[in-house]
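Q: Pasting in a structure now, in structure tokens, and then I'll have a few things to ask.
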Amino acid sequence: MTMTAEPLVRGREWLPQAQRIVVKVGSSSLTTIRGGISERALAALVDTLADRANAGAEIVLVSSGAIAAGLAPLGLERRPKDLATQQAAASVGQGLLMARYTQAFGAHGVTVSQVLLTADDLVRRTQYANAHRALEKLLHLGVVPVVNENDTVATHEIRFGDNDRLAALVAHLVHADALVLLSDVDAVYTGPPSEGGERIEHVRGSHDLEGVRIGSAGKAGVGTGGMATKVEAAAIAAGSGIPALVTSTAAAGRALAGEDVGTWFSVNGRRKPVRLLWLAHLAATRGTLVLDDGAVRAVRDRHRSLLPAGVTSVAGDFEAGDPVELADSAGTVVARGLVNFSADEMPAMLGRSTKDLGRELGPEYERVLVHVDDLVLV
Ligand SMILES: Nc1ncnc2c1ncn2[C@@H]1O[C@H](COP(=O)(O)OP(=O)(O)O)[C@@H](O)[C@H]1O
Ligand SMILES: N[C@@H](CCC(=O)OP(=O)(O)O)C(=O)O
């Protein structure tokens, strides 16, 4: 058996040496309470990031704020609830946001580009390769890509919904050295800041977050995920080899200088294939396969692929390649996986050996239902 090295655990004081950094900025700190872009906040952030880019670092900026920036021009007072109006506001606001970034970075001699992504772009293999190639090229050309979700065309099914988790996957996509998540609060606290609470300086693993109370977004009507999605995004990054810092936009300069600000999530796991990250943390599953006890043991304890013989029933409406839940006979979900057959094909396969199925239905049926490489335990 080959021995693999433990993941490298670094502290926040290492951030000045990070070469490739994904920085995510949220609507709450980028826009005013009325919804327009805050010139002061944007300029201060760009100064910090442009200095770092001019010093030779590669920066990817994941910026929210399109919907918020589109509110005022459309005469809206707060973030709309319906998807179509959100799409329209994003379409208006994204252009305004890019115009500001182009101008502000340009004043420092830094070129920016716009990259709009949907969840599918980071999950489907061909699109993933596309996004990867484009971002690599931009970084090699010294450009700062400004990434946002493609809100205008993303529907509920293919949306991330929050840019925190999008930023974690982008950090993974570009093999970033670090992820920095900026909002209007300077750290993760033991409770919502409005109720007091203490700053959490360092998260080494989920045990450091036990008992922490996470509230919803601070500035009503602007942010989306609140602190919960930032903590989740930082944990996704740290669990797959990328350290993360959660702090405020106002503290971004000090954070990148390695000063003692924010909440640092040190690395506690190795790099994983992006589709497994997506499966574990983001995917909306489309059905459930119920496993007998033997299949549960095979999947959970012996890390085996799931065979048709071990499945007793199926629920949901899914196509081959969709994410599904794998549950035990009591209904407890034990894993998530990408299924190789559609819900329509399943009933004829359940409880049967792959050999039998191959003989009866053809060689394409002599396959596992869910391959071990497409499975994550929960
Ligand atoms: N335990 C907590 N620690 C820190 N902030 C918290 C906590 N619980 C809730 N929050 C709130 O989360 C808000 C940040 O989330 P959000 O408004 O969605 O930011 P953004 O728009 O920048 O993504 C903060 O303003 C803060 O009030
Ligand atoms: N893509 C959306 C932002 C979604 C989002 O995550 O917002 P936030 O919680 O402010 O980071 C927009 O540009 O308005």
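Starting from 1 in every chain, residues are counted up; chains themselves are A, B, ... following the order of the structure tokens, and ligands are numbered from 1 as listed.
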Run DSSP on the backbone and tell me which residues of range 150-368 of chain A come out as strand (DSSP E); list them as a PyMOL selection string.

A: chain A and resi 178-183+202-203+244-248+263-265+287-291+311-316+323-327+333-338

Q: Could you please take those selected residues and save C-alpha atoms as an mmCIF file, in the first residue's frame?

A:
```cif
data_model
loop_
_atom_site.group_PDB
_atom_site.id
_atom_site.type_symbol
_atom_site.label_atom_id
_atom_site.label_comp_id
_atom_site.auth_asym_id
_atom_site.auth_seq_id
_atom_site.Cartn_x
_atom_site.Cartn_y
_atom_site.Cartn_z
ATOM 1 C CA ALA A 178 -6.873 29.825 -0.537
ATOM 2 C CA LEU A 179 -10.507 30.949 -0.466
ATOM 3 C CA VAL A 180 -11.469 34.266 1.158
ATOM 4 C CA LEU A 181 -15.173 34.901 1.834
ATOM 5 C CA LEU A 182 -16.032 38.553 2.484
ATOM 6 C CA SER A 183 -19.296 39.944 3.874
ATOM 7 C CA HIS A 202 -9.923 29.027 14.077
ATOM 8 C CA VAL A 203 -11.965 26.093 12.814
ATOM 9 C CA ALA A 244 -10.535 29.410 3.843
ATOM 10 C CA LEU A 245 -10.980 32.690 5.689
ATOM 11 C CA VAL A 246 -14.329 34.304 6.523
ATOM 12 C CA THR A 247 -14.114 38.020 7.253
ATOM 13 C CA SER A 248 -15.498 41.422 6.274
ATOM 14 C CA THR A 263 -12.296 33.008 11.113
ATOM 15 C CA TRP A 264 -9.669 30.698 9.613
ATOM 16 C CA PHE A 265 -10.715 27.230 8.425
ATOM 17 C CA GLY A 287 -35.054 9.874 -6.186
ATOM 18 C CA THR A 288 -34.334 7.235 -3.565
ATOM 19 C CA LEU A 289 -33.098 3.649 -3.824
ATOM 20 C CA VAL A 290 -33.909 1.489 -0.772
ATOM 21 C CA LEU A 291 -31.162 -1.034 0.013
ATOM 22 C CA VAL A 311 -32.097 -2.830 -4.008
ATOM 23 C CA THR A 312 -35.622 -3.554 -2.777
ATOM 24 C CA SER A 313 -37.540 -0.497 -4.010
ATOM 25 C CA VAL A 314 -37.203 2.767 -5.902
ATOM 26 C CA ALA A 315 -38.955 6.119 -5.611
ATOM 27 C CA GLY A 316 -38.715 9.278 -7.701
ATOM 28 C CA PRO A 323 -28.100 12.185 -8.248
ATOM 29 C CA VAL A 324 -30.148 9.890 -5.980
ATOM 30 C CA GLU A 325 -30.224 8.986 -2.288
ATOM 31 C CA LEU A 326 -29.399 5.494 -1.055
ATOM 32 C CA ALA A 327 -31.426 4.628 2.063
ATOM 33 C CA VAL A 333 -30.104 7.953 4.027
ATOM 34 C CA VAL A 334 -26.659 6.332 4.037
ATOM 35 C CA ALA A 335 -25.174 7.685 0.795
ATOM 36 C CA ARG A 336 -25.737 9.781 -2.303
ATOM 37 C CA GLY A 337 -24.713 8.692 -5.761
ATOM 38 C CA LEU A 338 -25.046 9.142 -9.499
#
```

Q: Pick out the residues sitting within 10 Å of Ser38 in chain A, and hand them over as a VMD selection string; count only C-alpha atoms, and ignore anything fewer than 6 positions along from it in its own chain.

A: chain A and resid 27 to 32 69

Q: Any chance you can output those residues with C-alpha atoms as a JSON list (two decimals), in the first residue's frame?

A:
```json
[["chain", "number", "residue", "atom", "x", "y", "z"],
["A", 27, "SER", "CA", -24.09, 41.76, -1.79],
["A", 28, "SER", "CA", -24.36, 42.86, 1.84],
["A", 29, "SER", "CA", -21.03, 44.65, 1.83],
["A", 30, "LEU", "CA", -21.01, 45.75, -1.80],
["A", 31, "THR", "CA", -24.34, 47.51, -1.97],
["A", 32, "THR", "CA", -26.02, 50.26, 0.01],
["A", 69, "ALA", "CA", -27.54, 46.55, -8.26]]
```

Q: Write out as a PyMOL selection string each polymer residue whose atoms come within 10 Å of range 272-285 of chain A, counting only C-alpha atoms; drop sequence neighbours fewer than 3 positions from it.

A: chain A and resi 119+122-125+128+157-160+165-166+168-170+172-173+232-233+236-237+239-241+269+288+316+318+322-325+335-338+373-378

Q: Taking N, CA and C atoms for each residue, export the selection above as a tab-separated table (two decimals), in the first residue's frame.

A:
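The result, stored in result31.tsv:
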```
chain	number	residue	atom	x	y	z
A	119	ALA	N	-24.67	25.86	-12.15
A	119	ALA	CA	-24.22	24.66	-11.44
A	119	ALA	C	-23.75	23.59	-12.43
A	122	LEU	N	-20.14	23.32	-13.55
A	122	LEU	CA	-19.11	22.81	-12.65
A	122	LEU	C	-19.29	21.33	-12.36
A	123	VAL	N	-20.32	20.74	-12.91
A	123	VAL	CA	-20.60	19.35	-12.58
A	123	VAL	C	-20.47	18.43	-13.79
A	124	ARG	N	-21.07	18.81	-14.89
A	124	ARG	CA	-20.98	17.97	-16.09
A	124	ARG	C	-19.56	18.04	-16.62
A	125	ARG	N	-19.01	16.88	-16.92
A	125	ARG	CA	-17.59	16.76	-17.22
A	125	ARG	C	-17.11	17.68	-18.36
A	128	TYR	N	-17.28	21.32	-17.32
A	128	TYR	CA	-16.27	21.55	-16.29
A	128	TYR	C	-14.91	21.80	-16.95
A	157	GLU	N	-33.73	24.52	-10.73
A	157	GLU	CA	-33.06	23.21	-10.77
A	157	GLU	C	-31.55	23.32	-10.96
A	158	ILE	N	-31.13	24.32	-11.75
A	158	ILE	CA	-29.69	24.38	-12.04
A	158	ILE	C	-29.02	25.58	-11.36
A	159	ARG	N	-29.61	26.02	-10.25
A	159	ARG	CA	-29.03	27.16	-9.53
A	159	ARG	C	-28.22	26.70	-8.34
A	160	PHE	N	-27.17	27.44	-8.05
A	160	PHE	CA	-26.51	27.29	-6.76
A	160	PHE	C	-27.36	28.04	-5.73
A	165	ARG	N	-21.11	28.93	-1.92
A	165	ARG	CA	-20.77	27.56	-2.34
A	165	ARG	C	-20.23	27.54	-3.77
A	166	LEU	N	-20.74	28.44	-4.61
A	166	LEU	CA	-20.16	28.57	-5.96
A	166	LEU	C	-18.67	28.88	-5.84
A	168	ALA	N	-16.64	28.16	-3.43
A	168	ALA	CA	-15.87	26.99	-2.97
A	168	ALA	C	-15.56	26.07	-4.15
A	169	LEU	N	-16.54	25.88	-5.03
A	169	LEU	CA	-16.29	25.00	-6.19
A	169	LEU	C	-15.35	25.66	-7.19
A	170	VAL	N	-15.44	26.98	-7.34
A	170	VAL	CA	-14.52	27.68	-8.24
A	170	VAL	C	-13.09	27.57	-7.69
A	172	HIS	N	-11.90	25.18	-6.04
A	172	HIS	CA	-11.51	23.82	-6.36
A	172	HIS	C	-11.16	23.70	-7.84
A	173	LEU	N	-12.00	24.31	-8.69
A	173	LEU	CA	-11.82	24.24	-10.14
A	173	LEU	C	-10.45	24.79	-10.56
A	232	GLU	N	-20.57	26.77	5.41
A	232	GLU	CA	-20.62	25.55	4.59
A	232	GLU	C	-19.55	25.60	3.49
A	233	ALA	N	-19.45	26.76	2.83
A	233	ALA	CA	-18.48	26.90	1.74
A	233	ALA	C	-17.05	26.76	2.27
A	236	ILE	N	-16.44	23.15	2.96
A	236	ILE	CA	-16.24	22.37	1.73
A	236	ILE	C	-14.80	22.56	1.26
A	237	ALA	N	-14.33	23.81	1.25
A	237	ALA	CA	-12.97	24.09	0.78
A	237	ALA	C	-11.94	23.40	1.69
A	239	GLY	N	-12.25	20.99	3.69
A	239	GLY	CA	-12.36	19.52	3.65
A	239	GLY	C	-11.81	18.93	2.38
A	240	SER	N	-11.47	19.78	1.42
A	240	SER	CA	-10.91	19.25	0.18
A	240	SER	C	-9.59	19.94	-0.17
A	241	GLY	N	-8.88	20.37	0.86
A	241	GLY	CA	-7.49	20.78	0.68
A	241	GLY	C	-7.22	22.26	0.49
A	269	GLY	N	-8.79	17.89	5.05
A	269	GLY	CA	-9.04	16.78	4.13
A	269	GLY	C	-8.30	17.02	2.83
A	288	THR	N	-34.92	8.02	-4.66
A	288	THR	CA	-34.33	7.23	-3.56
A	288	THR	C	-34.32	5.76	-3.94
A	316	GLY	N	-39.19	8.07	-7.02
A	316	GLY	CA	-38.72	9.28	-7.70
A	316	GLY	C	-38.72	9.13	-9.20
A	318	PHE	N	-36.15	9.87	-12.16
A	318	PHE	CA	-34.78	10.30	-12.49
A	318	PHE	C	-34.31	9.66	-13.78
A	322	ASP	N	-28.40	11.01	-12.98
A	322	ASP	CA	-28.92	11.93	-11.96
A	322	ASP	C	-28.46	11.53	-10.56
A	323	PRO	N	-28.42	12.50	-9.64
A	323	PRO	CA	-28.10	12.18	-8.25
A	323	PRO	C	-29.31	11.58	-7.52
A	324	VAL	N	-29.07	10.52	-6.77
A	324	VAL	CA	-30.15	9.89	-5.98
A	324	VAL	C	-29.64	9.60	-4.56
A	325	GLU	N	-30.59	9.39	-3.65
A	325	GLU	CA	-30.22	8.99	-2.29
A	325	GLU	C	-30.26	7.47	-2.18
A	335	ALA	N	-26.11	7.20	1.81
A	335	ALA	CA	-25.17	7.68	0.79
A	335	ALA	C	-25.94	8.43	-0.28
A	336	ARG	N	-25.18	9.16	-1.10
A	336	ARG	CA	-25.74	9.78	-2.30
A	336	ARG	C	-24.89	9.33	-3.46
A	337	GLY	N	-25.51	9.15	-4.63
A	337	GLY	CA	-24.71	8.69	-5.76
A	337	GLY	C	-25.34	9.06	-7.09
A	338	LEU	N	-24.54	8.92	-8.14
A	338	LEU	CA	-25.05	9.14	-9.50
A	338	LEU	C	-25.47	7.79	-10.06
A	373	ASP	N	-17.08	5.02	-7.45
A	373	ASP	CA	-16.45	6.33	-7.70
A	373	ASP	C	-17.47	7.46	-7.79
A	374	ASP	N	-18.75	7.08	-7.92
A	374	ASP	CA	-19.82	8.09	-8.02
A	374	ASP	C	-20.67	8.12	-6.76
A	375	LEU	N	-20.07	7.70	-5.63
A	375	LEU	CA	-20.82	7.57	-4.38
A	375	LEU	C	-20.16	8.37	-3.26
A	376	VAL	N	-20.97	9.05	-2.44
A	376	VAL	CA	-20.42	9.62	-1.21
A	376	VAL	C	-21.29	9.17	-0.04
A	377	LEU	N	-20.63	8.81	1.07
A	377	LEU	CA	-21.38	8.42	2.25
A	377	LEU	C	-21.84	9.68	2.98
A	378	VAL	N	-23.02	9.60	3.64
A	378	VAL	CA	-23.47	10.80	4.39
A	378	VAL	C	-23.62	10.47	5.87
```

Q: Which neighbours of Gln114 in chain A fall inside 10 Å, counting only C-alpha atoms, when residues of the same chain fewer than 6 positions from it are skipped, and could you give them as an MDAnalysis selection string?

A: chainID A and resid 61:62 94:95 98 101:102 144:148

Q: Hey, which residues come within 7 Å of ligand 2 if we count only C-alpha atoms and all ligand atoms? Could you give them as a count of residues only?

A: 24

Q: What is the CA of Ala99 in chain A-CA of Glu39 in chain A distance in Å, reported with one decimal?

A: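 CA of Glu39 in chain A lies at a distance of 12.0 Å from CA of Ala99 in chain A.
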
Q: Mind pulling up the distance from atom 4 (C, counted along the ligand's line) of ligand 1 to CA of Gly205 in chain A?

A: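 We find that CA of Gly205 in chain A and atom 4 (C, counted along the ligand's line) of ligand 1 lie 17.4 Å from each other.
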
Q: So which residues of range 176-325 of chain A fall under alpha helix (DSSP H) by DSSP, listed as an mmCIF file with C-alpha atoms, in the first residue's frame?

A:
```cif
data_model
loop_
_atom_site.group_PDB
_atom_site.id
_atom_site.type_symbol
_atom_site.label_atom_id
_atom_site.label_comp_id
_atom_site.auth_asym_id
_atom_site.auth_seq_id
_atom_site.Cartn_x
_atom_site.Cartn_y
_atom_site.Cartn_z
ATOM 1 C CA GLY A 226 -26.389 34.437 5.565
ATOM 2 C CA MET A 227 -23.497 33.038 7.583
ATOM 3 C CA ALA A 228 -24.674 29.434 7.145
ATOM 4 C CA THR A 229 -23.626 29.204 3.494
ATOM 5 C CA LYS A 230 -20.286 30.878 4.241
ATOM 6 C CA VAL A 231 -19.518 28.337 6.939
ATOM 7 C CA GLU A 232 -20.617 25.552 4.594
ATOM 8 C CA ALA A 233 -18.476 26.902 1.744
ATOM 9 C CA ALA A 234 -15.438 27.313 3.987
ATOM 10 C CA ALA A 235 -15.934 23.766 5.284
ATOM 11 C CA ILE A 236 -16.238 22.374 1.729
ATOM 12 C CA ALA A 237 -12.969 24.088 0.783
ATOM 13 C CA ALA A 238 -11.079 23.101 3.943
ATOM 14 C CA ALA A 252 -9.884 42.332 3.298
ATOM 15 C CA GLY A 253 -6.518 44.138 3.176
ATOM 16 C CA ARG A 254 -5.514 43.036 6.638
ATOM 17 C CA ALA A 255 -6.742 39.520 5.939
ATOM 18 C CA LEU A 256 -4.620 39.155 2.803
ATOM 19 C CA VAL A 274 -15.525 18.152 -7.898
ATOM 20 C CA ARG A 275 -18.561 16.031 -8.740
ATOM 21 C CA LEU A 276 -18.233 14.286 -5.364
ATOM 22 C CA LEU A 277 -18.117 17.659 -3.608
ATOM 23 C CA TRP A 278 -21.216 18.625 -5.501
ATOM 24 C CA LEU A 279 -22.913 15.333 -4.631
ATOM 25 C CA ALA A 280 -22.066 15.609 -0.957
ATOM 26 C CA HIS A 281 -22.978 19.252 -0.432
ATOM 27 C CA ASP A 293 -29.009 -4.818 4.842
ATOM 28 C CA GLY A 294 -26.309 -6.580 2.847
ATOM 29 C CA ALA A 295 -26.160 -3.787 0.304
ATOM 30 C CA VAL A 296 -25.990 -1.167 3.070
ATOM 31 C CA ARG A 297 -22.975 -2.963 4.561
ATOM 32 C CA ALA A 298 -21.337 -3.326 1.129
ATOM 33 C CA VAL A 299 -21.737 0.364 0.287
ATOM 34 C CA ARG A 300 -21.148 1.875 3.723
#
```

Q: Give me the residues near range 345-358 of chain A as a PyMOL selection string, where near means some atom within 9 Å (using only C-alpha atoms) and where sequence neighbours in that chain fewer than 5 positions away do not count.

A: chain A and resi 307-314+363-368

Q: Tell me, as a ChimeraX atom specification, which residues lie within 10 Å of Glu58 in chain A, counting only C-alpha atoms; anything in the same chain fewer than 4 positions away does not count.

A: /A:18-22,49,52-54,138-145,176-177

Q: Which residue is closest to ligand 1? Choose from A:Glu198, A:Asp184, A:Asp292, A:Asp260 and count only C-alpha atoms and all ligand atoms.

A: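 Among A:Glu198, A:Asp184, A:Asp292, A:Asp260, it is A:Asp184 that comes nearest to ligand 1.
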